[in-house]
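*Asks:* First the structure, then my questions, so here it is.
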Amino acid sequence: MLERREDTGPHSPFSSAFAAPSTQARKPCSEASKPCGTAFWLLCSRCKYLHSNNIVVVPEAIGSLVKLQCLDLSDNALEIVCPEIGRLRALRHLRLANNQLQFLPAEVGDLKELQTLDISANRLPTLPERLHLCLSLQHLTVDRNRLWCVPRRLCQLPSLSELSMAGNRLAFLPLDLGRSRELQYVYVDNNIHLKGLPSYLYNKVIGCSGCGAPIQVSEMKLLSFSSGQLTVFLPAEVKAIGTERDHVLPLQELAMRSLYHACHRFLKDLNFLSPISLPRSLLELLHCPLGHCHRCSEPMFTIVYPKLFPLRETPMAGLHQGTTAVSFVAYCCSTQCLQMFDLLS
């Protein structure tokens with residue numbers, strides 16, 4: 001486990017991705033040439049460095065730059081990014097840090113070649129709903145926003161190797177975060193209400209200083225799990241918590257697991273299930289389960305069997321030197337897996 005500063009340093013993937021070919025190319029535009037007209041945006045270039053220009057809106061004309069590969073709009077006054085940004089199919093690096101964005105259009109998910117995305121220091125309460133469709137995304141930085149949850153579909157990004165969400169309002173993380181072998185670096189420092197890390201992150205490089213501050217459970221309208229003096233909050237989608245005494249799964253959970261396995265075994269595709277045959281919420285669960293058992297990888301849909309491992313009691317405790325009070329949480333699918341799970345094995 002390592003600690004990392006929230007700002008993008010000289011060794012950050014963003015520093016190389018957005019490095020301009022010369023010092024002159026990085027200079028802010030003069031008052032006379034500020035990018036407020038359509039003609040400015042349509043100047044032929046594969047990279048645009050438009051930081052520090054007090055830009056408020058990214059115009060629709062941006063969609064015409066189909067060969068654009070790098071776009072740096074950091075340190076502006078951006079309030080709106082138009083949906084046409086999704087037409088930049090060649091875009092590989094997008095930097096929108098230090099603006100005033102409160103949302104990003106779903107069309108960001110159309111950027112299939114996007115490798116790095118920096119949207120830190122904005123006002124985002126959530127991530128774009130189709131961000132999981134950016135299949136080439138490798139580095140995602142969302143530090144210092146207002147995030148209160150992370151979409152579980154984010155765990156399906158096949159190329160994501162670094163995820164930084166420091167300085168937000170997170171109280172829980174997706175159950176499958178860290179399940180991907182590609183994801184090796186996760187930073188969630190200074191999310192004061194965050195008390196639990198999925199056990200998948202145990203062998204990753206993580207930053208979690210400033211997490212786990214004391215708080216009354218009654219102050220958080222979330223399902224929580226306690227073991228001794230330890231308490232962690234669970235994702236809102238979790239409907240029930242199982243214990244070692246609960247040997248029988250709820251009927252809904254059994255039905256969902258059976259349907260999931262039947263679909264994948266015989267049809268290899270869930271698209272045959274139209275929204276008419278199942279409620280939309282259940283259909284979405286089939287496409288993206290709540291999580292997978294941290295021991296046997298069985299999909300889970302409504303109930304989890306959690307087990308806590310305080311970080312301070314693991315071999316990693318010395319790396320943090322008392323700067324965090326979080327626990328690793330193993331989310332299991334049954335009483336048997338709960339009893340057999342060992343974080344250190």
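Numbering starts fresh at 1 for the residues of each chain in the structure tokens, the chains themselves are lettered A, B, ... in the order given, and ligands are numbered from 1 as they appear.
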Neighbours of Asn76 in chain A within 9 Å (only C-alpha atoms; same-chain residues fewer than 5 positions away dropped), as a list of chain:residue names?

*Replies:*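 Neighbouring residues, sequence-local ones excluded: A:Leu50, A:His51, A:Ser52, A:Asn53, A:Asn54, A:Ile55, A:Val56, A:Leu96, A:Ala97, A:Asn98, A:Asn99, A:Gln100.
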
*Asks:* To test your reading of the structure, identify every residue in range 56-208 of chain A that backbone DSSP assigns to strand (DSSP E or B), and report it as a list in words.

*Replies:*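 For range 56-208 of chain A, the strand (DSSP E or B) set is Val57, Val58, Cys70, Leu71, Asp72, Ile80, Val81, His93, Leu94, Arg95, Thr116, Leu117, Asp118, His139, Leu140, Thr141, Glu162, Leu163, Ser164, Tyr185, Val186, Tyr187, Gly196, Leu197, Pro198, Val205, Ile206 and Gly207 of chain A.
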
*Asks:* Applying 7 Å and only C-alpha atoms, which residues near range 178-194 of chain A remain after dropping the ones on its own chain fewer than 5 positions away? List them as an MDAnalysis selection string.

*Replies:* chainID A and resid 159:172 200:201 204:213

*Asks:* Compile the contact shell of Gln336 in chain A as a ChimeraX atom specification: residues with an atom at most 10 Å away, counting only C-alpha atoms, same-chain residues fewer than 2 positions apart removed.

*Replies:* /A:244,247,295,305,332-334,338-341

*Asks:* Would you give me, as an MDAnalysis selection string, the residues in range 72-269 of chain A that DSSP reads as helix (DSSP H, G or I)?

*Replies:* chainID A and resid 83:87 106:110 131:133 152:156 199:203 217:219 251:266

*Asks:* Any idea what the distance is between CA of Val232 in chain A and CA of Pro306 in chain A?

*Replies:* 9.8 Å

*Asks:* So which one's closest to Pro125 in chain A, A:Glu113, A:Glu60, A:Asp143, A:Asp176? Using only C-alpha atoms, please.

*Replies:*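 Using only C-alpha atoms, the shortest distance to Pro125 in chain A belongs to A:Asp143.
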
*Asks:* Would you mind listing what lies within 7 Å of Cys47 in chain A as a list in words, with only C-alpha atoms counted and same-chain residues fewer than 2 positions away left out?

*Replies:*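 With the cut-off at 7 Å, the set is Ser45, Tyr49, Leu68, Gln69, Cys70 and Leu71 of chain A.
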
*Asks:* Could you save the residues just selected, with N, CA and C atoms, as a PDB file, in the first residue's frame?

*Replies:*
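Wrote it out as again.pdb, contents follow:
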ATOM      1  N   SER A  45      -6.038  20.588 -35.528  1.00  0.00           N
ATOM      2  CA  SER A  45      -5.034  20.167 -34.556  1.00  0.00           C
ATOM      3  C   SER A  45      -5.463  18.837 -33.972  1.00  0.00           C
ATOM      4  N   TYR A  49      -4.689  22.569 -26.203  1.00  0.00           N
ATOM      5  CA  TYR A  49      -4.368  22.928 -24.835  1.00  0.00           C
ATOM      6  C   TYR A  49      -5.025  24.274 -24.545  1.00  0.00           C
ATOM      7  N   LEU A  68      -9.312  14.769 -33.222  1.00  0.00           N
ATOM      8  CA  LEU A  68      -8.700  15.262 -31.991  1.00  0.00           C
ATOM      9  C   LEU A  68      -8.341  14.099 -31.065  1.00  0.00           C
ATOM     10  N   GLN A  69      -7.112  14.114 -30.534  1.00  0.00           N
ATOM     11  CA  GLN A  69      -6.649  13.039 -29.660  1.00  0.00           C
ATOM     12  C   GLN A  69      -6.447  13.499 -28.216  1.00  0.00           C
ATOM     13  N   CYS A  70      -6.078  14.755 -28.021  1.00  0.00           N
ATOM     14  CA  CYS A  70      -5.855  15.287 -26.678  1.00  0.00           C
ATOM     15  C   CYS A  70      -6.612  16.598 -26.521  1.00  0.00           C
ATOM     16  N   LEU A  71      -7.322  16.740 -25.421  1.00  0.00           N
ATOM     17  CA  LEU A  71      -8.067  17.966 -25.149  1.00  0.00           C
ATOM     18  C   LEU A  71      -7.878  18.336 -23.681  1.00  0.00           C
TER      19      LEU A  71
END

*Asks:* Of the residues A:Gln138, A:Leu175, A:Ser327, A:Met300, which is the one nearest to Cys155 in chain A, using only C-alpha atoms?

*Replies:*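 Of the candidates, the smallest distance to Cys155 in chain A is held by A:Leu175.
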
*Asks:* When distances are computed from only C-alpha atoms, which of A:Ser281, A:Thr231, A:Thr243, A:Asn203 shows the smallest separation from Val304 in chain A?

*Replies:* A:Thr243

*Asks:* Work out how far apart CA of Pro105 in chain A and CA of Arg89 in chain A are and give it in Å to one decimal.

*Replies:*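 Distance reported for this atom pair: 15.0 Å.
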
*Asks:* Would you please work out which residue, of A:Arg123, A:His132, A:Lys112, A:Lys48, is nearest to Arg95 in chain A when using only C-alpha atoms?

*Replies:* A:Lys48

*Asks:* One decimal, Å: what's the distance from CA of Ala90 in chain A over to CA of Ser64 in chain A, could you say?

*Replies:*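 CA of Ser64 in chain A lies at a distance of 11.6 Å from CA of Ala90 in chain A.
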
*Asks:* Can you pull out the residues contacting Phe328 in chain A? Cut-off 6 Å, using only C-alpha atoms, and skip same-chain residues under 5 positions away; I want them as number ranges by chain.

*Replies:* A: 196-199, 308-309
